[in-house]
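Right, one structure below, let's go through it.
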Amino acid sequence: MSVNALVEQLIRPEIRALQAYPVGKAEGMIKLDAMENPFRWPEDMISEWQSLLADCALNRYPNPVAPEVVAGLREAMQVPDKYEVLLGNGSDEIIQLLAMAVAQPEACALAPEPGFVMYKMIATFVGIDYCGVPLNDDFSLNRDAMLAAINEKKPALIFLAQPNNPTGNLWAEDDLVAIIEASNTADHKGLVVLDEAYLPFSSRNHLSWLDRFDNVLVMRTLSKVGLAGLRLGMLFGRKEWLSELDKIRMPYNINVLTQASAAFALKHYDVLMQQCDVLKSEREKMHGKLSELGFSAFDSEANFILARVPEGKVARNIFEALKQENILIKCTDGAHPLLAKTLRFTVGAPEENIALYAALEKVLAA
């Protein structure tokens with residue numbers, strides 16, 4: 001039997017049908033494709049951090065519950081002691097834990113689309129059904145369609161990103177409440193995860209909703225504030241939920257270097273927030289400049305802007321032309337019908353954004 005035949009026999013067909021998560025090559029390029037914080041720490045902060053790492057015991061397993069990190073998160077994000085904190089190797093691992101925990105026969109995960117692709121991918125990984133509900137044309141939640149899907153599919157797990165990726169917008173709170181309440185009725189019980197990955201750039205947070213709803217968890221990450229390389233995500237919620245998820249979490253999932261670095265960074269969280277404030281200011285400048293260049297730029301509460309290309313222009317061509325100018329953005333055209341003719345621009349440092357605008361002027365004039 002050939003290797004291909006063995007693969008077909010042993011690997012689930014839905015896994016074989018997937019494509020691996022795409023990560024573009026970015027060496028030597030201005031990287032505006034992955035919603036990273038472009039700023040380094042101040043030099044004195046870097047020196048202090050490097051000295052701290054010298055004392056890390058790489059020959060020992062890490063503390064399984066990362067108490068310094070948890071304490072730092074509680075203080076920086078004002079998480080009440082009555083709620084538990086679960087850490088993951090990025091938000092991706094937390095999404096996977098959630099999906100694994102509810103993966104009973106006929107279980108379903110549901111999310112609005114276009115949205116974060118890992119919701120669907122991870123549901124497929126763990127063998128549960130996935131239901132994507134299209135947003136309205138203006139990227140608002142289609143409340144009636146969401147409620148109809150909940151009634152029909154009775155999803156065990158619903159992901160609601162606030163703000164949403166790749167659209168960058170927040171959804172109406174009355175729509176969110178209707179979805180949460182529809183997921184906790186006599187006929188249907190479902191867990192709703194509010195994904196606040198872009199919270200540092202948003203005008204709204206929902207941590208207080210843990211008091212308001214029994215079936216809500218809040219998920220966040222440190223990736224967007226400047227710690228993407230550490231891969232640290234977190235889930236906040238009632239002990240009853242998180243103690244079950246903790247049973248399937250790998251015991252040493254947060255390594256020694258990540259724990260030390262995250263605990264240190266959280267003591268300097270004000271520095272990270274100051275950098276985020278700069279990016280919010282740059283976001284407004286970018287929105288205006290894209291509009292001047294003929295793009296239809298959508299309002300954003302994240303550190304990126306989704307924009308529809310000018311009339312007569314082709315999104316993929318602009319994307320490829322920018323790569324020739326050593327600038328990498330995200331081509332969202334083709335990812336979903338609602339994203340036709342769109343590109344997503346991560347907000348970079350001022351000098352990176354200026355380079356982007358110059359390159360766009362050149363590309364559009366060609």
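Following the order of the structure tokens, first chain is A, next is B, and so on, with residues numbered from 1 inside each chain and ligands from 1 in the order they appear.
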
Would you list, as a PDB file with N, CA and C atoms, in the first residue's frame, the residues of range 166-217 of chain A that end up in strand (DSSP E or B) under DSSP run on this structure's backbone?
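Here's the written file out_1.pdb:
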ATOM      1  N   ASN A 184     -29.569  30.115  26.445  1.00  0.00           N
ATOM      2  CA  ASN A 184     -29.756  29.640  27.819  1.00  0.00           C
ATOM      3  C   ASN A 184     -31.246  29.633  28.137  1.00  0.00           C
ATOM      4  N   LYS A 189     -29.228  24.850  25.874  1.00  0.00           N
ATOM      5  CA  LYS A 189     -28.144  25.387  26.697  1.00  0.00           C
ATOM      6  C   LYS A 189     -26.872  25.446  25.863  1.00  0.00           C
ATOM      7  N   LEU A 191     -22.863  27.605  25.448  1.00  0.00           N
ATOM      8  CA  LEU A 191     -21.849  28.454  26.050  1.00  0.00           C
ATOM      9  C   LEU A 191     -21.447  29.527  25.039  1.00  0.00           C
ATOM     10  N   VAL A 192     -21.450  30.784  25.468  1.00  0.00           N
ATOM     11  CA  VAL A 192     -21.119  31.905  24.588  1.00  0.00           C
ATOM     12  C   VAL A 192     -19.779  32.491  25.013  1.00  0.00           C
ATOM     13  N   VAL A 193     -18.844  32.563  24.060  1.00  0.00           N
ATOM     14  CA  VAL A 193     -17.506  33.088  24.322  1.00  0.00           C
ATOM     15  C   VAL A 193     -17.385  34.452  23.656  1.00  0.00           C
ATOM     16  N   LEU A 194     -17.165  35.479  24.453  1.00  0.00           N
ATOM     17  CA  LEU A 194     -16.930  36.825  23.937  1.00  0.00           C
ATOM     18  C   LEU A 194     -15.424  36.993  23.753  1.00  0.00           C
ATOM     19  N   ASP A 195     -15.010  37.053  22.507  1.00  0.00           N
ATOM     20  CA  ASP A 195     -13.596  37.095  22.160  1.00  0.00           C
ATOM     21  C   ASP A 195     -13.162  38.558  22.051  1.00  0.00           C
ATOM     22  N   VAL A 216     -21.690  32.786  29.868  1.00  0.00           N
ATOM     23  CA  VAL A 216     -20.735  33.622  29.133  1.00  0.00           C
ATOM     24  C   VAL A 216     -19.330  33.466  29.706  1.00  0.00           C
ATOM     25  N   LEU A 217     -18.355  33.378  28.806  1.00  0.00           N
ATOM     26  CA  LEU A 217     -16.945  33.444  29.151  1.00  0.00           C
ATOM     27  C   LEU A 217     -16.318  34.561  28.330  1.00  0.00           C
TER      28      LEU A 217
END

Exercise for review: For Pro64 in chain A, please output as a list in words all residues within 12 Å (counting only C-alpha atoms; exclusion window: fewer than 6 positions along the same chain).
Suggested key: Val70, Leu86, Leu87, Gly88, Asp246, Arg249, Met250, Pro251, Tyr252, Asn253, Ile254, Asn255, Val256 and Gln259 of chain A

Keeping only N, CA and C atoms, take the residues you just selected and write them out as a CSV table (one decimal), in the first residue's frame.
chain,number,residue,atom,x,y,z
A,70,VAL,N,-1.0,35.1,36.2
A,70,VAL,CA,-2.4,35.3,36.6
A,70,VAL,C,-2.6,36.5,37.5
A,86,LEU,N,-7.9,31.1,33.1
A,86,LEU,CA,-7.3,29.9,32.4
A,86,LEU,C,-6.3,30.5,31.3
A,87,LEU,N,-5.1,30.0,31.3
A,87,LEU,CA,-4.1,30.5,30.3
A,87,LEU,C,-3.9,29.4,29.2
A,88,GLY,N,-3.7,30.0,28.0
A,88,GLY,CA,-3.5,29.1,26.9
A,88,GLY,C,-2.3,29.6,26.1
A,246,ASP,N,-9.9,23.1,32.6
A,246,ASP,CA,-8.5,22.9,33.1
A,246,ASP,C,-8.2,21.4,33.1
A,249,ARG,N,-6.5,20.8,29.7
A,249,ARG,CA,-5.4,21.6,29.4
A,249,ARG,C,-4.1,20.9,29.7
A,250,MET,N,-3.1,20.9,28.7
A,250,MET,CA,-1.8,20.3,29.0
A,250,MET,C,-1.2,20.9,30.2
A,251,PRO,N,-0.6,20.1,31.1
A,251,PRO,CA,-0.2,20.6,32.4
A,251,PRO,C,0.9,21.7,32.4
A,252,TYR,N,1.7,21.7,31.3
A,252,TYR,CA,2.8,22.7,31.3
A,252,TYR,C,2.7,23.5,30.0
A,253,ASN,N,1.5,24.0,29.7
A,253,ASN,CA,1.3,24.6,28.4
A,253,ASN,C,1.9,26.0,28.3
A,254,ILE,N,2.2,26.7,29.4
A,254,ILE,CA,2.8,28.0,29.3
A,254,ILE,C,4.3,27.9,29.8
A,255,ASN,N,5.2,28.0,28.9
A,255,ASN,CA,6.6,27.7,29.2
A,255,ASN,C,7.3,28.7,30.1
A,256,VAL,N,8.4,28.4,30.6
A,256,VAL,CA,9.2,29.2,31.5
A,256,VAL,C,9.4,30.6,31.0
A,259,GLN,N,6.2,32.7,30.8
A,259,GLN,CA,5.8,33.1,32.1
A,259,GLN,C,6.6,34.3,32.6

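Between Leu18 in chain A and the residues A:Phe125, A:Phe39, A:Trp49, A:Tyr130, the shortest atom-to-atom distance, using only C-alpha atoms, involves A:Phe125.
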
Per-residue nearest contacts range 169-208 of chain A to range 262-280 of chain A, cut-off 10 Å, using only C-alpha atoms, as CSV:
residue,atom,partner,partner_atom,distance
A:Pro200,CA,A:Cys276,CA,6.6
A:Phe201,CA,A:Lys280,CA,6.4
A:Ser202,CA,A:Lys280,CA,9.1

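The two atoms in question, CA of Trp171 in chain A and CA of Ser140 in chain A, are spaced 6.0 Å apart.
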